[in-house]
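Here's the structure we're looking at; comments come further down.
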Amino acid sequence: MRLRAARLFDGTEPRADPVLTVTGERISDVAFGVAAPDALDLGDTTLLPGFVDAHVHLAFDASADPVAALAARDDEQALDAMRAAARTALLGGITTVRDLGDRNYLALRLREEPGPLPTIVAAGPPITTPAGHCHYLGGAVEPTPEAMRAAVRERAERGVDVVKIMASGGRLTPGTRQDLPQFGEDELRAAVEEAHRLGLPVTAHAHAPQGIVNAVEAHVDGVEHVSFWTEDDVDTPSPDLVRRIVERRIAVGATFGLVPGPGRADTEGIVRRMPKIVGNLLELHRAGALMVLSSDAGITDRKPHDVLRHTIVMAGELGLAPAEVLRLVTEVPAWVCGLGGRKGRLAPGFDADVVAVEGDPLADLTAVHRVRAVFARGRCVSRW
């Protein structure tokens, strides 16, 4: 199969009149300005690498109360809903997702199903404290180094791709607080050491300033949200903490994207804090932190499973250059998810994950909302 479009962007600059050749599930050739009468002509579109959303929750259904909705489903019903969520993401141009918290390892089951689905990187139930954030997903353990090591071994035996730890509380769990840590540095370090021994990366949900510090000192591979959420406001990270995040190449998951409009997210202090949260993330980015734009899709009615497109547009509105924004949802998260060299680029040898958007996103990032075709591992899953 060969694809022709008006433009192609692969992380540096757009190039005109591309012809992309797909053989099986892989890209075998990318040429420009060549005759290809047999190519599928996608018209005035730009070919992009399939988007990579490094933080989703397929088990949450993006409703007004996703926790209650999940609790009302048995595992087979939940798996059906997760399958639908994954397809929503795929039709939005998201060809790879990293699920950072499911129930009963359901994302691992979904990962093995045939398409059309995105490639799924799965964490299973996140490790949390008894009655801690998302304990209802089944990952609660006692906050001791021994229990943390055992929890990591269980996940490795089940075949997870990444270990997720709730280093602070979160707003989806009554009785927990975003401004307080859930694990100390020693417990987190034990988990990280065990995970690394077993060849697994660790990423930590961390809102609380001390939770972020604990995760960084434990040498996690990633920190999610990184809001520096305090009881009444948002803290500012110290220069020393920023330096450690940058030097250790700890991936920072920026999950600020929302669908515009009213919704549950407006009722819990998020809107008031958001300018400072985003300011901190931009400061980390300017300092050289390894950052990815992701979504936390599923946790609210303003975060449907294709919300990453809104994250892209919002990042541009915040002043990031379009080319940089697109790299932060393609090549960079592919490496963070352990799929670098396979995902996130349009080049020979890479998976044929391709999104065609109408217009030129380098001139107008809202073009990402005009998805005209999606190919996942060489298979056309959507075309206008």
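Chains: A, B, ... in order of the structure tokens. Residues: from 1 per chain. Ligands: from 1, in order shown.
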Test item: residues at most 12 Å from Arg248 in chain A, only C-alpha atoms, excluding those fewer than 2 positions along its chain, as a CSV table (one decimal) with N, CA, C and O atoms, in the first residue's frame:
```csv
chain,number,residue,atom,x,y,z
A,215,ALA,N,9.3,10.7,45.1
A,215,ALA,CA,9.5,10.0,43.9
A,215,ALA,C,10.8,10.3,43.2
A,215,ALA,O,11.5,9.3,42.7
A,216,VAL,N,11.1,11.5,43.1
A,216,VAL,CA,12.4,11.9,42.5
A,216,VAL,C,13.6,11.3,43.2
A,216,VAL,O,14.5,10.7,42.6
A,217,GLU,N,13.6,11.4,44.5
A,217,GLU,CA,14.7,10.8,45.3
A,217,GLU,C,14.7,9.3,45.3
A,217,GLU,O,15.8,8.7,45.5
A,218,ALA,N,13.6,8.7,45.0
A,218,ALA,CA,13.6,7.2,44.8
A,218,ALA,C,14.0,6.8,43.4
A,218,ALA,O,14.1,5.6,43.1
A,219,HIS,N,14.3,7.8,42.5
A,219,HIS,CA,14.8,7.5,41.2
A,219,HIS,C,13.8,6.8,40.3
A,219,HIS,O,14.1,5.9,39.5
A,220,VAL,N,12.5,7.3,40.4
A,220,VAL,CA,11.5,6.8,39.5
A,220,VAL,C,11.9,7.2,38.0
A,220,VAL,O,12.7,8.1,37.8
A,221,ASP,N,11.3,6.5,37.1
A,221,ASP,CA,11.5,6.9,35.7
A,221,ASP,C,10.6,8.0,35.2
A,221,ASP,O,10.9,8.6,34.2
A,222,GLY,N,9.5,8.1,35.8
A,222,GLY,CA,8.5,9.2,35.4
A,222,GLY,C,7.7,9.7,36.6
A,222,GLY,O,7.5,8.9,37.6
A,223,VAL,N,7.2,10.9,36.4
A,223,VAL,CA,6.3,11.5,37.4
A,223,VAL,C,5.1,12.0,36.6
A,223,VAL,O,5.3,12.7,35.6
A,241,LEU,N,15.3,20.8,42.9
A,241,LEU,CA,14.5,19.7,42.4
A,241,LEU,C,14.3,19.7,40.9
A,241,LEU,O,14.4,18.7,40.3
A,242,VAL,N,14.2,20.9,40.3
A,242,VAL,CA,14.1,21.0,38.9
A,242,VAL,C,15.4,20.4,38.3
A,242,VAL,O,15.4,19.6,37.3
A,243,ARG,N,16.5,20.7,38.8
A,243,ARG,CA,17.8,20.2,38.3
A,243,ARG,C,17.9,18.7,38.4
A,243,ARG,O,18.3,18.0,37.4
A,244,ARG,N,17.4,18.1,39.5
A,244,ARG,CA,17.5,16.7,39.6
A,244,ARG,C,16.5,16.0,38.6
A,244,ARG,O,16.9,15.0,38.0
A,245,ILE,N,15.4,16.6,38.4
A,245,ILE,CA,14.4,16.0,37.4
A,245,ILE,C,15.1,16.0,36.0
A,245,ILE,O,15.0,15.1,35.3
A,246,VAL,N,15.7,17.1,35.7
A,246,VAL,CA,16.4,17.3,34.4
A,246,VAL,C,17.5,16.3,34.2
A,246,VAL,O,17.7,15.6,33.2
A,250,ILE,N,14.1,12.2,34.2
A,250,ILE,CA,12.8,11.7,34.7
A,250,ILE,C,11.7,12.3,33.8
A,250,ILE,O,11.6,13.5,33.7
A,251,ALA,N,10.9,11.4,33.2
A,251,ALA,CA,9.8,11.9,32.3
A,251,ALA,C,8.7,12.5,33.1
A,251,ALA,O,8.2,12.0,34.1
A,252,VAL,N,8.3,13.7,32.7
A,252,VAL,CA,7.3,14.5,33.3
A,252,VAL,C,6.0,14.4,32.4
A,252,VAL,O,6.0,14.8,31.2
A,288,GLY,N,14.7,22.0,30.5
A,288,GLY,CA,15.2,20.8,29.8
A,288,GLY,C,14.7,19.5,30.3
A,288,GLY,O,15.3,18.5,29.9
A,289,ALA,N,13.6,19.5,31.0
A,289,ALA,CA,13.1,18.3,31.5
A,289,ALA,C,12.5,17.5,30.3
A,289,ALA,O,12.1,18.0,29.3
A,290,LEU,N,12.6,16.1,30.4
A,290,LEU,CA,12.0,15.2,29.5
A,290,LEU,C,10.5,15.2,29.7
A,290,LEU,O,10.0,14.7,30.7
```
Where does range 189-275 of chain A meet range 315-321 of chain A within 10 Å, residue by residue, with the nearest atom pair and distance in Å to one decimal for each, counting only C-alpha atoms, listed by chain and rising number, as a tab-separated table?
```
residue	atom	partner	partner_atom	distance
A:Ala254	CA	A:Ala315	CA	9.9
A:Phe256	CA	A:Ala315	CA	9.0
A:Gly257	CA	A:Ala315	CA	8.4
```
For Asp38 in chain A, please output as a short mmCIF file (atom, residue, chain, number, x, y, z; two decimals) with C-alpha atoms, in the first residue's frame all residues within 10 Å (counting only C-alpha atoms; exclusion window: fewer than 4 positions along the same chain).
```cif
data_model
loop_
_atom_site.label_atom_id
_atom_site.label_comp_id
_atom_site.auth_asym_id
_atom_site.auth_seq_id
_atom_site.Cartn_x
_atom_site.Cartn_y
_atom_site.Cartn_z
CA MET A 1 0.00 0.00 0.00
CA ARG A 2 1.17 3.51 -0.81
CA LEU A 3 -0.19 6.78 0.56
CA ARG A 4 0.10 10.22 -0.99
#
```
Handout entry: Residue nearest Val56 in chain A among A:Leu365, A:Leu281, A:Ile94, A:Val226 (counting only C-alpha atoms)
Key =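 Counting only C-alpha atoms, the residue closest to Val56 in chain A is A:Ile94.
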Exercise for the section: Just the residues within 9 Å of range 120-133 of chain A, please, counting only C-alpha atoms, with nothing from its chain fewer than 4 positions along; format it as a PyMOL selection string. Expected result: chain A and resi 54+86+95-108+110-112+137-143+148+151-152+155+158-177+182-183+337-338
Exercise for the section: Go through A:Glu13, A:Asp53, A:Asp301, A:Glu25 and flag the residue nearest Ala334 in chain A, using only C-alpha atoms for the distances. Expected result: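 Of all the options, A:Asp53 lies closest to Ala334 in chain A.
You will find CA of Leu40 in chain A at 27.0 Å from CA of Leu308 in chain A.
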Practice task
Identify which of the residues A:Leu198, A:Glu146, A:Leu188, A:Ser382 lies closest to Ile212 in chain A, counting only C-alpha atoms when measuring atom-to-atom distances.
Solution key: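 For Ile212 in chain A, the nearest of the candidates is A:Leu188.
Nearest to Arg189 in chain A of all the residues A:Ser295, A:Thr144, A:Thr230, A:Asn280 is A:Thr144, based on only C-alpha atoms.
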Problem - Computed interatomic separation between CA of Leu293 in chain A and CA of Ile312 in chain A (Å) - result: 7.5 Å
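Among the candidates A:Ala39, A:Ala208, A:Leu258, A:Leu48, the residue lying nearest to Val234 in chain A is A:Ala208 (atoms considered: only C-alpha atoms).
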Exercise for the section: as a list in words, please: all residues of range 224-262 of chain A that backbone DSSP puts in strand (DSSP E or B). Expected result: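 Listing strand (DSSP E or B) positions across range 224-262 of chain A yields Glu224, His225, Trp229, Val234, Ala251, Val252, Gly253 and Ala254 of chain A.
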Suppose we keep C-alpha atoms; can you now write the selection as a PDB file, in the first residue's frame?
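File out39.pdb, as written:
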```
ATOM      1  CA  GLU A 224       2.663  12.019  36.348  1.00  0.00           C
ATOM      2  CA  HIS A 225       0.739  15.313  36.753  1.00  0.00           C
ATOM      3  CA  TRP A 229      -0.786  20.786  44.668  1.00  0.00           C
ATOM      4  CA  VAL A 234       0.099  25.415  44.103  1.00  0.00           C
ATOM      5  CA  ALA A 251       9.842  11.861  32.307  1.00  0.00           C
ATOM      6  CA  VAL A 252       7.279  14.494  33.284  1.00  0.00           C
ATOM      7  CA  GLY A 253       3.739  13.636  32.228  1.00  0.00           C
ATOM      8  CA  ALA A 254       1.802  16.843  31.542  1.00  0.00           C
TER       9      ALA A 254
END
```
Exercise for the section: Using only C-alpha atoms, determine which residues lie at most 10 Å from Val34 in chain A, disregarding the query and same-chain residues fewer than 2 positions distant; provide the list as a PyMOL selection string. Expected result: chain A and resi 4+17-19+31-32+36-37
Practice task
Can you work out which one of A:Ala59, A:Leu90, A:Asp233, A:Ala347 has the shortest atom-to-atom distance to Val271 in chain A, counting only C-alpha atoms?
Solution key: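 Closest to Val271 in chain A of all the choices is A:Asp233.
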Practice task
From a DSSP calculation on the backbone, collect every residue of range 104-351 of chain A in alpha helix (DSSP H) and output the set as a PyMOL selection string.
Solution key: chain A and resi 106-111+145-158+185-197+209-217+239-247+270-287+308-317+322-327+331-336
